[in-house]
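Below is entry-v4.cif, holding mmCIF, C-alpha atoms.
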data_coords
loop_
_atom_site.label_atom_id
_atom_site.label_comp_id
_atom_site.auth_asym_id
_atom_site.auth_seq_id
_atom_site.Cartn_x
_atom_site.Cartn_y
_atom_site.Cartn_z
CA MET A 1 43.72 38.03 15.91
CA SER A 2 41.74 34.87 16.67
CA PHE A 3 43.03 31.72 18.32
CA LEU A 4 44.64 29.35 15.82
CA TYR A 5 42.82 26.06 16.39
CA THR A 6 44.39 22.68 15.77
CA LEU A 7 41.72 20.89 13.74
CA PRO A 8 40.68 17.39 14.81
CA THR A 9 41.22 14.31 12.67
CA THR A 10 38.95 11.30 12.39
CA GLY A 11 38.99 7.58 11.65
CA GLN A 12 37.56 5.92 8.58
CA VAL A 13 33.89 4.92 8.27
CA ASN A 14 31.96 2.90 5.68
CA PHE A 15 28.26 3.75 5.79
CA ALA A 16 27.35 0.73 3.69
CA THR A 17 28.41 -1.52 6.59
CA LEU A 18 26.41 0.53 9.10
CA LEU A 19 23.06 0.99 7.37
CA THR A 20 20.68 -0.77 5.06
CA ALA A 21 17.48 0.14 3.24
CA THR A 22 14.25 -1.02 4.85
CA SER A 23 12.67 -1.53 1.42
CA THR A 24 14.17 -4.33 -0.69
CA SER A 25 13.30 -2.48 -3.88
CA SER A 26 15.58 0.43 -2.95
CA ILE A 27 18.60 -1.50 -1.64
CA SER A 28 20.70 -1.02 -4.78
CA SER A 29 19.98 2.71 -4.99
CA VAL A 30 20.55 3.27 -1.26
CA ASN A 31 23.83 1.34 -1.29
CA SER A 32 25.06 3.50 -4.16
CA GLN A 33 24.13 6.66 -2.28
CA LEU A 34 25.75 5.40 0.94
CA THR A 35 28.93 4.75 -1.04
CA THR A 36 28.85 8.35 -2.25
CA ALA A 37 28.29 9.58 1.32
CA THR A 38 31.24 7.47 2.49
CA ALA A 39 33.41 8.98 -0.24
CA SER A 40 32.41 12.50 0.82
CA ARG A 41 33.31 11.81 4.46
CA SER A 42 36.58 10.18 3.41
CA ARG A 43 37.38 13.32 1.48
CA LEU A 44 36.92 15.45 4.59
CA ARG A 45 39.03 13.00 6.57
CA GLY A 46 41.75 13.10 3.93
CA VAL A 47 41.85 16.91 3.87
CA LEU A 48 42.17 16.99 7.67
CA LYS A 49 45.02 14.47 7.61
CA ALA A 50 46.81 16.37 4.85
CA LEU A 51 46.41 19.63 6.75
CA LYS A 52 47.87 18.03 9.88
CA ARG A 53 50.92 16.87 7.95
CA GLU A 54 51.44 20.28 6.36
CA LYS A 55 51.29 21.88 9.81
CA GLU A 56 53.93 19.46 11.07
CA LYS A 57 56.15 20.51 8.17
CA GLY A 58 55.60 24.19 8.96
CA LYS A 59 54.12 25.02 5.54
CA ASP A 60 51.95 27.97 6.56
CA GLY A 61 50.98 28.89 2.99
CA ASP A 62 49.49 25.46 2.42
CA LEU A 63 47.73 25.72 5.78
CA HIS A 64 45.90 28.88 4.72
CA LYS A 65 44.70 27.13 1.57
CA GLY A 66 43.87 24.00 3.55
CA TRP A 67 41.47 25.73 5.93
CA LEU A 68 39.30 26.78 3.01
CA GLY A 69 39.49 23.19 1.76
CA VAL A 70 38.23 21.91 5.12
CA ILE A 71 35.33 24.38 5.05
CA GLN A 72 34.26 23.23 1.62
CA ALA A 73 34.77 19.52 2.40
CA ALA A 74 32.69 19.79 5.59
CA GLU A 75 29.93 21.71 3.81
CA ASP A 76 29.96 19.10 1.05
CA TYR A 77 29.61 16.21 3.52
CA LEU A 78 26.95 17.71 5.78
CA PRO A 79 23.95 17.25 3.41
CA PHE A 80 24.80 13.54 3.11
CA LEU A 81 24.99 13.10 6.88
CA VAL A 82 21.77 15.04 7.42
CA GLY A 83 20.12 12.85 4.77
CA ILE A 84 21.26 9.69 6.55
CA LEU A 85 19.94 10.99 9.88
CA LYS A 86 16.61 11.81 8.27
CA GLY A 87 16.47 8.34 6.71
CA VAL A 88 17.01 6.66 10.09
CA GLU A 89 14.42 8.88 11.74
CA ASP A 90 11.73 8.33 9.07
CA GLY A 91 12.43 4.60 8.86
CA SER A 92 13.70 4.41 5.28
CA LEU A 93 17.15 3.47 6.60
CA GLU A 94 17.91 0.93 9.30
CA LEU A 95 21.05 0.78 11.42
CA LYS A 96 22.80 -2.57 11.71
CA GLY A 97 24.18 -1.56 15.12
CA GLU A 98 25.43 1.38 17.11
CA PRO A 99 27.70 3.51 14.88
CA VAL A 100 31.04 4.34 16.50
CA PHE A 101 33.16 7.23 15.22
CA SER A 102 36.66 8.12 16.36
CA TRP A 103 37.79 11.73 16.53
CA ARG A 104 40.90 13.31 17.99
CA SER A 105 40.08 15.96 20.60
CA THR A 106 42.27 19.06 20.23
CA LEU A 107 40.78 21.51 22.74
CA SER A 108 41.21 19.40 25.86
CA LYS A 109 44.41 19.40 27.86
CA ASN A 110 46.83 16.81 26.50
CA GLN A 111 48.30 14.74 29.32
CA ASN A 112 51.36 13.95 27.17
CA PRO A 113 52.38 17.07 25.20
CA MET A 114 55.08 15.07 23.39
CA LYS A 115 52.42 13.03 21.59
CA PRO A 116 49.23 13.90 19.67
CA SER A 117 45.98 13.83 21.63
CA PRO A 118 44.51 10.31 21.62
CA ARG A 119 41.49 9.41 19.55
CA ILE A 120 38.20 9.29 21.42
CA GLU A 121 35.30 7.08 20.39
CA VAL A 122 31.93 8.81 20.13
CA TYR A 123 28.64 7.03 19.57
CA GLY A 124 25.72 7.67 17.26
CA LEU A 125 25.27 9.46 13.96
CA ARG A 126 24.64 12.73 15.73
CA SER A 127 28.05 12.60 17.38
CA ASP A 128 29.62 12.66 13.93
CA LEU A 129 27.40 15.58 12.96
CA LEU A 130 28.50 17.52 16.03
CA PHE A 131 32.20 16.86 15.48
CA VAL A 132 31.96 17.86 11.81
CA LEU A 133 30.28 21.13 12.85
CA THR A 134 32.99 21.71 15.48
CA THR A 135 35.60 21.20 12.77
CA LEU A 136 33.75 23.60 10.47
CA LEU A 137 33.57 26.41 13.04
CA MET A 138 37.27 26.00 13.89
CA ALA A 139 38.19 26.10 10.19
CA LEU A 140 36.10 29.26 9.72
CA SER A 141 37.92 30.93 12.61
CA ASN A 142 41.30 29.86 11.24
CA HIS A 143 40.33 31.09 7.78
CA SER A 144 39.72 34.53 9.27
CA ILE A 145 43.36 34.49 10.39
CA SER A 146 44.40 33.62 6.85
CA ILE A 147 42.46 36.62 5.54
CA LEU A 148 44.11 38.93 8.08
CA SER A 149 47.55 37.62 7.18
CA GLY A 150 46.81 38.47 3.57
CA ILE A 151 45.84 42.10 4.21
CA GLY A 152 48.54 42.83 6.81
CA SER A 153 48.66 46.26 8.46
CA TYR A 154 47.13 47.91 5.42
CA GLU A 155 45.98 50.92 7.43
CA LEU A 156 49.62 52.02 7.56
CA ASP A 157 50.31 51.58 3.85
CA THR A 158 50.42 55.09 2.40
CA THR A 159 50.78 53.81 -1.17
CA LEU A 160 47.29 52.29 -1.36
CA THR A 161 44.72 53.91 -3.60
CA ASP A 162 41.18 54.46 -2.34
CA ALA A 163 40.01 51.46 -4.38
CA GLN A 164 42.73 49.25 -2.95
CA ARG A 165 41.94 50.38 0.59
CA LYS A 166 38.25 49.63 0.08
CA ALA A 167 39.18 46.15 -1.18
CA LYS A 168 41.22 45.58 2.00
CA ASP A 169 38.28 46.83 4.08
CA ALA A 170 36.04 44.30 2.32
CA GLN A 171 38.49 41.50 3.14
CA LEU A 172 38.50 42.57 6.77
CA ASN A 173 34.70 42.42 6.70
CA SER A 174 34.97 38.89 5.28
CA ALA A 175 37.09 37.87 8.27
CA VAL A 176 34.42 39.27 10.59
CA ASP A 177 31.79 37.31 8.64
CA CYS A 178 33.74 34.05 9.11
CA LEU A 179 33.79 34.56 12.87
CA CYS A 180 30.08 35.45 12.99
CA ARG A 181 29.35 32.23 11.07
CA ALA A 182 31.48 30.28 13.56
CA ALA A 183 29.55 31.89 16.44
CA GLY A 184 26.26 30.86 14.82
CA ILE A 185 27.36 27.23 14.50
CA ALA A 186 28.51 27.21 18.14
CA ALA A 187 25.18 28.70 19.24
CA TRP A 188 23.24 25.98 17.37
CA MET A 189 25.42 23.24 18.81
CA GLY A 190 25.03 24.55 22.35
CA SER A 191 21.24 24.59 22.00
CA ALA A 192 18.63 21.94 22.73
CA GLU A 193 18.58 21.04 19.03
CA GLY A 194 22.33 20.40 18.94
CA ILE A 195 24.23 18.84 21.82
CA GLY A 196 21.09 18.93 23.97
CA ARG A 197 19.33 16.52 21.63
CA TRP A 198 22.36 14.23 21.49
CA GLU A 199 22.67 14.20 25.29
CA GLY A 200 18.99 13.34 25.61
CA MET A 201 19.35 10.12 23.62
CA GLY A 202 20.67 7.15 25.57
CA LYS A 203 22.43 4.22 23.95
CA GLU A 204 19.84 1.59 24.81
CA GLY A 205 16.84 1.61 22.50
CA ASN A 206 18.27 4.47 20.43
CA ALA A 207 20.78 2.77 18.19
CA GLY A 208 22.67 5.31 16.15
CA LYS A 209 21.12 8.26 17.93
CA GLY A 210 22.72 8.22 21.35
CA LYS A 211 26.15 8.91 22.78
CA GLY A 212 26.92 5.65 24.54
CA LYS A 213 26.13 5.60 28.24
CA GLY A 214 29.12 5.71 30.50
CA LYS A 215 31.45 6.67 27.68
CA GLU A 216 33.92 9.56 27.82
CA VAL A 217 32.54 12.75 26.31
CA PRO A 218 35.18 14.98 24.68
CA ILE A 219 35.15 18.64 25.65
CA GLU A 220 34.15 19.57 22.08
CA LEU A 221 30.79 17.84 22.60
CA THR A 222 29.76 19.67 25.77
CA SER A 223 27.21 22.46 25.73
CA GLU A 224 29.49 24.54 27.98
CA MET A 225 32.28 24.47 25.41
CA MET A 226 29.93 25.44 22.59
CA GLN A 227 28.43 28.29 24.57
CA ALA A 228 31.98 29.43 25.32
CA LEU A 229 33.02 29.19 21.64
CA HIS A 230 29.94 31.23 20.73
CA ALA A 231 31.06 33.98 23.11
CA ILE A 232 34.74 33.75 22.08
CA SER A 233 33.97 33.86 18.34
CA LEU A 234 31.86 36.95 18.88
CA ALA A 235 34.64 38.55 20.96
CA ASP A 236 37.09 37.95 18.10
CA ALA A 237 34.59 39.32 15.57
CA GLU A 238 33.97 42.42 17.72
CA SER A 239 37.72 43.06 17.92
CA LEU A 240 37.99 43.04 14.13
CA ALA A 241 34.92 45.26 13.83
CA ILE A 242 36.66 47.79 16.08
CA ARG A 243 39.74 47.60 13.86
CA ARG A 244 37.55 48.28 10.83
CA LEU A 245 35.94 51.25 12.58
CA LEU A 246 39.36 52.70 13.38
CA SER A 247 41.03 51.99 10.04
CA LEU A 248 40.85 55.51 8.60
CA SER A 249 41.78 57.11 11.92
CA LYS A 250 44.79 54.82 12.24
CA THR A 251 45.95 55.93 8.80
CA HIS A 252 45.56 59.57 9.85
CA SER A 253 47.54 58.97 13.07
CA TYR A 254 50.34 57.30 11.12
CA LEU A 255 50.57 60.25 8.73
CA THR A 256 50.50 62.80 11.56
CA ILE A 257 53.88 63.88 12.88
CA THR A 258 52.58 64.44 16.42
CA PRO A 259 49.72 61.99 17.09
CA GLY A 260 47.67 62.46 20.23
CA PRO A 261 45.01 64.80 21.56
CA PRO A 262 42.87 66.37 20.34
CA LEU A 263 41.26 63.63 18.27
CA PRO A 264 41.02 64.41 14.55
CA LYS A 265 37.69 65.35 13.05
CA GLY A 266 35.67 62.28 12.12
CA HIS A 267 37.40 60.02 14.63
CA PRO A 268 35.02 57.40 16.09
CA SER A 269 33.60 58.33 19.47
CA PRO A 270 36.01 57.26 22.24
CA SER A 271 32.99 56.58 24.44
CA ILE A 272 31.62 54.12 21.86
CA LEU A 273 35.07 52.54 21.42
CA SER A 274 35.41 51.97 25.15
CA ARG A 275 32.03 50.26 25.33
CA LEU A 276 32.82 48.09 22.32
CA HIS A 277 36.00 46.89 24.05
CA LEU A 278 34.04 46.29 27.24
CA GLN A 279 31.70 44.02 25.28
CA VAL A 280 34.73 42.09 24.01
CA ARG A 281 35.94 41.74 27.59
CA SER A 282 32.52 40.52 28.69
CA SER A 283 32.51 37.85 25.98
CA TYR A 284 35.96 36.56 26.93
CA GLN A 285 34.90 36.53 30.59
CA ARG A 286 31.83 34.50 29.70
CA GLY A 287 33.96 32.04 27.79
CA LEU A 288 36.30 31.60 30.75
CA SER A 289 33.44 31.25 33.24
CA LEU A 290 31.86 28.41 31.24
CA LEU A 291 35.01 26.32 31.04
CA SER A 292 36.95 24.36 33.59
CA SER A 293 40.55 25.55 33.39
CA SER A 294 41.81 22.10 34.38
CA SER A 295 40.40 20.54 31.20
CA LEU A 296 41.54 23.20 28.70
CA SER A 297 44.73 23.22 26.69
CA GLU A 298 47.22 25.72 28.14
CA ASP A 299 47.44 27.70 24.88
CA PHE A 300 43.68 28.11 24.65
CA LYS A 301 43.34 29.12 28.29
CA ARG A 302 46.13 31.71 27.94
CA TYR A 303 44.52 33.13 24.82
CA LEU A 304 41.28 33.78 26.70
CA VAL A 305 43.03 35.34 29.70
CA GLU A 306 45.13 37.62 27.49
CA GLY A 307 42.07 38.56 25.42
CA GLU A 308 40.17 39.57 28.54
CA GLN A 309 43.10 41.59 29.89
CA MET A 310 43.85 43.44 26.66
CA SER A 311 40.22 44.35 25.99
CA SER A 312 39.96 45.75 29.54
CA LEU A 313 43.06 47.89 29.06
CA LEU A 314 41.88 49.19 25.69
CA ALA A 315 38.54 50.10 27.28
CA TYR A 316 40.43 52.05 29.98
CA LYS A 317 42.44 53.80 27.26
CA TRP A 318 39.35 55.04 25.46
CA LEU A 319 37.55 55.93 28.69
CA GLY A 320 40.57 58.09 29.46
CA VAL A 321 40.59 59.71 26.03
CA ASP A 322 36.84 60.34 26.29
CA ALA A 323 37.31 62.04 29.67
CA GLY A 324 40.24 64.06 28.33
CA GLU A 325 38.38 65.19 25.23
CA ASN A 326 35.55 66.33 27.49
CA GLY A 327 37.88 69.01 28.85
CA THR A 328 36.41 69.05 32.36
CA LYS A 329 37.49 65.55 33.45
CA ILE A 330 41.26 65.70 33.05
CA GLY A 331 41.79 64.02 36.42
CA GLU A 332 39.68 61.05 35.34
CA ALA A 333 41.52 60.92 32.02
CA ILE A 334 44.86 60.63 33.83
CA GLY A 335 43.44 57.93 36.11
CA TRP A 336 42.08 55.77 33.31
CA LEU A 337 45.18 56.13 31.17
CA GLY A 338 47.39 55.40 34.15
CA MET A 339 45.54 52.12 34.69
CA ALA A 340 45.89 51.25 31.02
CA LYS A 341 49.62 52.06 31.06
CA GLU A 342 50.25 49.98 34.17
CA GLY A 343 48.46 46.94 32.75
CA MET A 344 50.11 47.17 29.33
CA LYS A 345 53.59 47.48 30.83
CA GLU A 346 52.89 44.35 32.85
CA MET A 347 51.77 42.47 29.72
CA VAL A 348 54.89 43.53 27.79
CA GLY A 349 57.10 42.36 30.63
CA ARG A 350 55.83 38.81 30.80
CA GLY A 351 55.28 35.89 28.45
CA LEU A 352 52.41 36.23 25.98
CA GLY A 353 51.90 32.64 24.86
CA LYS A 354 52.05 31.72 21.18
CA GLU A 355 53.21 34.40 18.74
CA LYS A 356 54.50 36.40 21.70
CA GLU A 357 56.62 38.75 19.56
CA ARG A 358 53.63 39.76 17.43
CA LYS A 359 51.52 40.23 20.55
CA ARG A 360 54.25 42.17 22.35
CA LYS A 361 54.60 44.47 19.34
CA ARG A 362 50.87 45.19 19.37
CA VAL A 363 50.83 45.89 23.12
CA LYS A 364 53.86 48.17 22.77
CA GLU A 365 52.11 50.15 20.03
CA GLU A 366 49.05 50.61 22.24
CA LEU A 367 51.28 51.48 25.20
CA GLU A 368 53.01 54.21 23.19
CA ALA A 369 49.62 55.69 22.25
CA VAL A 370 48.48 55.60 25.89
CA GLU A 371 51.68 57.32 27.02
CA THR A 372 51.23 60.04 24.39
CA TYR A 373 47.74 60.88 25.62
CA LEU A 374 48.75 60.56 29.28
CA LYS A 375 51.68 62.96 28.86
CA ALA A 376 49.48 65.51 27.11
CA TYR A 377 46.72 65.39 29.73
CA LYS A 378 49.18 65.58 32.62
CA LYS A 379 50.68 68.69 31.06
CA VAL A 380 47.22 70.29 30.85
CA ASN A 381 46.41 69.28 34.42
CA ASP A 382 49.69 70.60 35.83
CA ALA A 383 49.32 73.94 34.04
CA VAL A 384 45.58 74.60 33.89
CA SER A 385 43.14 72.09 35.43
CA PHE A 386 44.82 71.08 38.73
CA GLN A 387 42.34 68.22 39.20
CA THR A 388 42.79 65.36 41.65
CA VAL A 389 43.29 61.96 40.02
CA PRO A 390 40.57 59.57 41.30
CA GLU A 391 41.50 56.29 43.00
CA LYS A 392 41.32 53.10 40.97
CA GLY A 393 38.28 51.80 42.84
CA GLU A 394 36.38 55.04 42.24
CA LEU A 395 37.02 54.78 38.51
CA LEU A 396 36.11 51.09 38.26
CA ALA A 397 32.75 51.87 39.87
CA LYS A 398 32.01 54.06 36.84
CA VAL A 399 32.73 51.45 34.15
CA PRO A 400 29.75 51.49 31.74
CA SER A 401 28.11 48.51 30.12
CA GLY A 402 29.40 47.15 26.83
CA ILE A 403 27.72 47.46 23.46
CA SER A 404 27.91 45.04 20.58
CA ALA A 405 28.81 45.67 16.94
CA CYS A 406 28.36 42.09 15.74
CA LYS A 407 25.92 39.24 16.09
CA ALA A 408 26.13 35.56 15.30
CA LYS A 409 24.86 34.44 11.91
CA THR A 410 21.98 32.03 12.41
CA PHE A 411 22.99 28.49 11.48
CA VAL A 412 20.53 26.10 9.86
CA LEU A 413 21.33 22.52 8.93
CA PRO A 414 21.50 22.02 5.15
CA GLU A 415 18.73 20.24 3.30
CA PRO A 416 19.20 16.45 3.34
CA SER A 417 20.76 15.14 0.18
CA PHE A 418 22.86 12.34 -1.22
CA GLN A 419 23.95 14.49 -4.15
CA SER A 420 27.42 16.10 -4.17
CA SER A 421 27.27 19.73 -5.21
CA SER A 422 30.74 21.20 -4.87
CA THR A 423 33.28 18.53 -5.74
CA GLY A 424 34.89 20.68 -8.42
CA GLU A 425 35.24 23.68 -6.11
CA LEU A 426 36.62 21.41 -3.41
CA ASP A 427 39.29 20.03 -5.75
CA SER A 428 40.40 23.59 -6.46
CA ALA A 429 40.53 24.55 -2.77
CA ILE A 430 42.49 21.44 -1.78
CA GLY A 431 45.01 22.08 -4.52
CA ASP A 432 48.30 20.29 -4.04
CA LEU A 433 47.67 18.90 -0.55
CA GLN A 434 48.70 15.25 -0.54
CA ILE A 435 45.71 13.30 0.74
CA ASP A 436 46.35 9.92 2.34
CA ASP A 437 43.22 7.88 3.02
CA SER A 438 44.91 5.13 5.02
CA ASP A 439 43.59 4.48 8.51
CA GLU A 440 46.86 4.53 10.40
CA ASP A 441 46.72 6.04 13.90
CA SER A 442 49.13 8.80 12.93
CA ASP A 443 46.20 10.92 11.74
#
Could you write out this structure as structure tokens?
Amino acid sequence: MSFLYTLPTTGQVNFATLLTATSTSSISSVNSQLTTATASRSRLRGVLKALKREKEKGKDGDLHKGWLGVIQAAEDYLPFLVGILKGVEDGSLELKGEPVFSWRSTLSKNQNPMKPSPRIEVYGLRSDLLFVLTTLLMALSNHSISILSGIGSYELDTTLTDAQRKAKDAQLNSAVDCLCRAAGIAAWMGSAEGIGRWEGMGKEGNAGKGKGKGKEVPIELTSEMMQALHAISLADAESLAIRRLLSLSKTHSYLTITPGPPLPKGHPSPSILSRLHLQVRSSYQRGLSLLSSSSLSEDFKRYLVEGEQMSSLLAYKWLGVDAGENGTKIGEAIGWLGMAKEGMKEMVGRGLGKEKERKRKRVKEELEAVETYLKAYKKVNDAVSFQTVPEKGELLAKVPSGISACKAKTFVLPEPSFQSSSTGELDSAIGDLQIDDSDEDSD
């Protein structure tokens, strides 16, 4: 399951006080459109504040609904913001000064855990664009968690009809799609067109386009963080894709009285499964390598470390099963599975960060499967094969490269517009969340 992001909140902005039309004949029309753009941004701000309050109250059901509301509110606001940027760039709009936006950073390490992270001022219209996109990709990732919570462990539900199981499979695919969309947004932001363009615009002589020289840059607006989020979102998507691939086999294992070797007919190739998990591990490793651990929140850092460890151990599990199914590599099978067992026992025995009981349960389930295969292969080796179990270093030298099952969905900025297109849908998604548009610092 993906990391549950705490979404940022933002201060209030009135575009009519920041911009003006360069043509006197269009002032009235532009002011009306800027008012509409301000209302759209205020709506996003209000949804974020309401979501924060619901989280503080522990209302998880409202949170799941709220993430979809944030997605729709952000997508509704983006065309307005892109239109304003285009207007400034083509000269039809003029800035009255350097726009300053305040956003609350939620990925950086909070120096005072007893209080919310402080607001950070960011400069230029593009800084608001980047923070809105960051919020959107986080909401997409969180929405994938909501989808997974809704389907539960459906693979183990023996009462489902084929049609119901296919519907659950489709929902799982939707969760993968959310994460691939998030990865695409992160990739765009980490590119020269995204954060690179913002970083290349200084404050002087670039009013509204720069980032404010000498000002603090939140971790969310660094190319390293976006490249890391691209890798992490893909790792999460790959993990779900593996679950989807194994769904029918998991059902079969649950219905079988004595699960274990040999693998049932139609089971996905253990060699392929091992390489898929190795790709997940590689993505988590890339995410960790791009980020300074001193600047990350402890929960986020632990999530990445645990993700890397678990994907490694699952790769070892399937490398062992692949060797065991081969029939002539029983010694290797015992070696790989022994490594997986050792690592999983260590994970069960220590803290596992947030949702540790859920995580411990999952690791225990995998550990039981590993022990089942290991016991079976040891029995064969002791009675028939008599093969030497290779040393750990010898096995690690044989680790293959990973393969990918997912790719990021290409993100393209929406067409510039001052016209709202989804207000009705947004009202439905927000539902009963109580939106407070005051500008108190508690947001």
Self-check item: Explicit residue set for the PyMOL selection byres ((chain A and resi 133) around 10), as a list in words
Solution: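 When the PyMOL selection byres ((chain A and resi 133) around 10) is applied, the selected residues are Ile71, Ala74, Glu75, Leu78, Ser127, Asp128, Leu129, Leu130, Phe131, Val132, Thr134, Thr135, Leu136, Leu137, Met138, Ala139, Ala182, Ile185, Ala186, Trp188, Met189 and Leu413 of chain A.
Those residues returned by the PyMOL selection byres ((chain A and resi 94-111) around 6) for this file are Pro8, Thr9, Thr10, Gly11, Leu18, Leu19, Thr20, Val88, Leu93, Asn112, Pro113, Ser117, Pro118, Arg119, Ile120, Glu121, Val122, Tyr123, Gly124, Ala207, Gly208, Ser295, Leu296 and Ser297 of chain A.
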Please enumerate the residues selected by the PyMOL selection byres ((chain A and resi 362-378) around 8) when evaluated against the supplied file, formatted as a short mmCIF file (atom, residue, chain, number, x, y, z; two decimals) with C-alpha atoms, keeping the file's coordinate frame.
data_model
loop_
_atom_site.label_atom_id
_atom_site.label_comp_id
_atom_site.auth_asym_id
_atom_site.auth_seq_id
_atom_site.Cartn_x
_atom_site.Cartn_y
_atom_site.Cartn_z
CA PRO A 259 49.72 61.99 17.09
CA GLY A 260 47.67 62.46 20.23
CA PRO A 261 45.01 64.80 21.56
CA LYS A 317 42.44 53.80 27.26
CA VAL A 321 40.59 59.71 26.03
CA GLY A 324 40.24 64.06 28.33
CA ILE A 330 41.26 65.70 33.05
CA ALA A 333 41.52 60.92 32.02
CA ILE A 334 44.86 60.63 33.83
CA LEU A 337 45.18 56.13 31.17
CA GLY A 338 47.39 55.40 34.15
CA ALA A 340 45.89 51.25 31.02
CA LYS A 341 49.62 52.06 31.06
CA MET A 344 50.11 47.17 29.33
CA LYS A 345 53.59 47.48 30.83
CA MET A 347 51.77 42.47 29.72
CA VAL A 348 54.89 43.53 27.79
CA ARG A 358 53.63 39.76 17.43
CA LYS A 359 51.52 40.23 20.55
CA ARG A 360 54.25 42.17 22.35
CA LYS A 361 54.60 44.47 19.34
CA LYS A 379 50.68 68.69 31.06
CA VAL A 380 47.22 70.29 30.85
CA ASN A 381 46.41 69.28 34.42
CA ASP A 382 49.69 70.60 35.83
#
Exercise. May I ask for the distance between atom CA of A:Lys166 and atom CA of A:Cys180, given in Å to one decimal place?
Key: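 About the pair atom CA of A:Lys166 and atom CA of A:Cys180: they are 20.8 Å apart.
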Axis-aligned box for all listed atoms of stretch 118-122 of chain A, 6 Å per side, centre and edges in Å to one decimal, as lines of an AutoDock Vina configuration file:
center_x = 38.2
center_y = 8.7
center_z = 20.6
size_x = 24.6
size_y = 15.2
size_z = 14.1
Quiz item: In terms of the shortest atom-to-atom distance over all atoms listed in the file, which of A:Glu306, A:Glu332, A:Glu342, A:Asp169 is closest to A:Phe386?
Solution: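 Closest residue, counting all atoms listed in the file: A:Glu332.
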Quiz prompt | Radius query 7 Å about (36.8, 58.0, 14.9), atoms used: only C-alpha atoms, as a list in words | solution =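 Residues found, by chain and rising number: Leu246, Ser249, Gly266, His267, Pro268 and Ser269 of chain A.
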Quiz item: So which one's closest to A:Ser92, A:Ser25, A:Asp299, A:Pro79, A:Asn142? Using all atoms listed in the file, please.
Solution: A:Ser25
Self-check item: Distance of atom CA of A:Val280 from atom CA of A:Glu238, expressed in Å to one decimal place
Solution: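 Those two atoms sit 6.3 Å apart.
Counting only C-alpha atoms, A:Leu172 has the following residues at most 8 Å away, ignoring those fewer than 6 positions along the same chain: Ile147, Leu148, Ile151, Leu240 and Arg244 of chain A.
Candidate residues A:Lys250, A:Lys356, A:His143, A:Arg197 were compared for distance to A:Gly69, and the nearest is A:His143, using only C-alpha atoms.
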Exercise. May I have the residues within 12 Å of A:Ala39 as a PyMOL selection string, using all atoms listed in the file and disregarding those fewer than 2 positions away in the same chain?
Key: chain A and resi 12-16+32-37+41-46+73+76-77+80-81+418-420+423+437
Self-check item: Distance of atom CA of A:Lys168 from atom CA of A:Ser312, expressed in Å to one decimal place
Solution: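 A separation of 27.6 Å between them.
Remark: for A:Gly331, the closest of the candidate residues A:Gln309, A:Ser289, A:Gln387, A:Ser417 is A:Gln387 (distances computed over all atoms listed in the file).
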Practice problem: Please identify all polymer residues within 10 Å of A:Gly190, counting only C-alpha atoms, omitting same-chain residues fewer than 2 positions from it, and present them as a ChimeraX atom specification. | Solution: /A:184-188,192-197,221-230
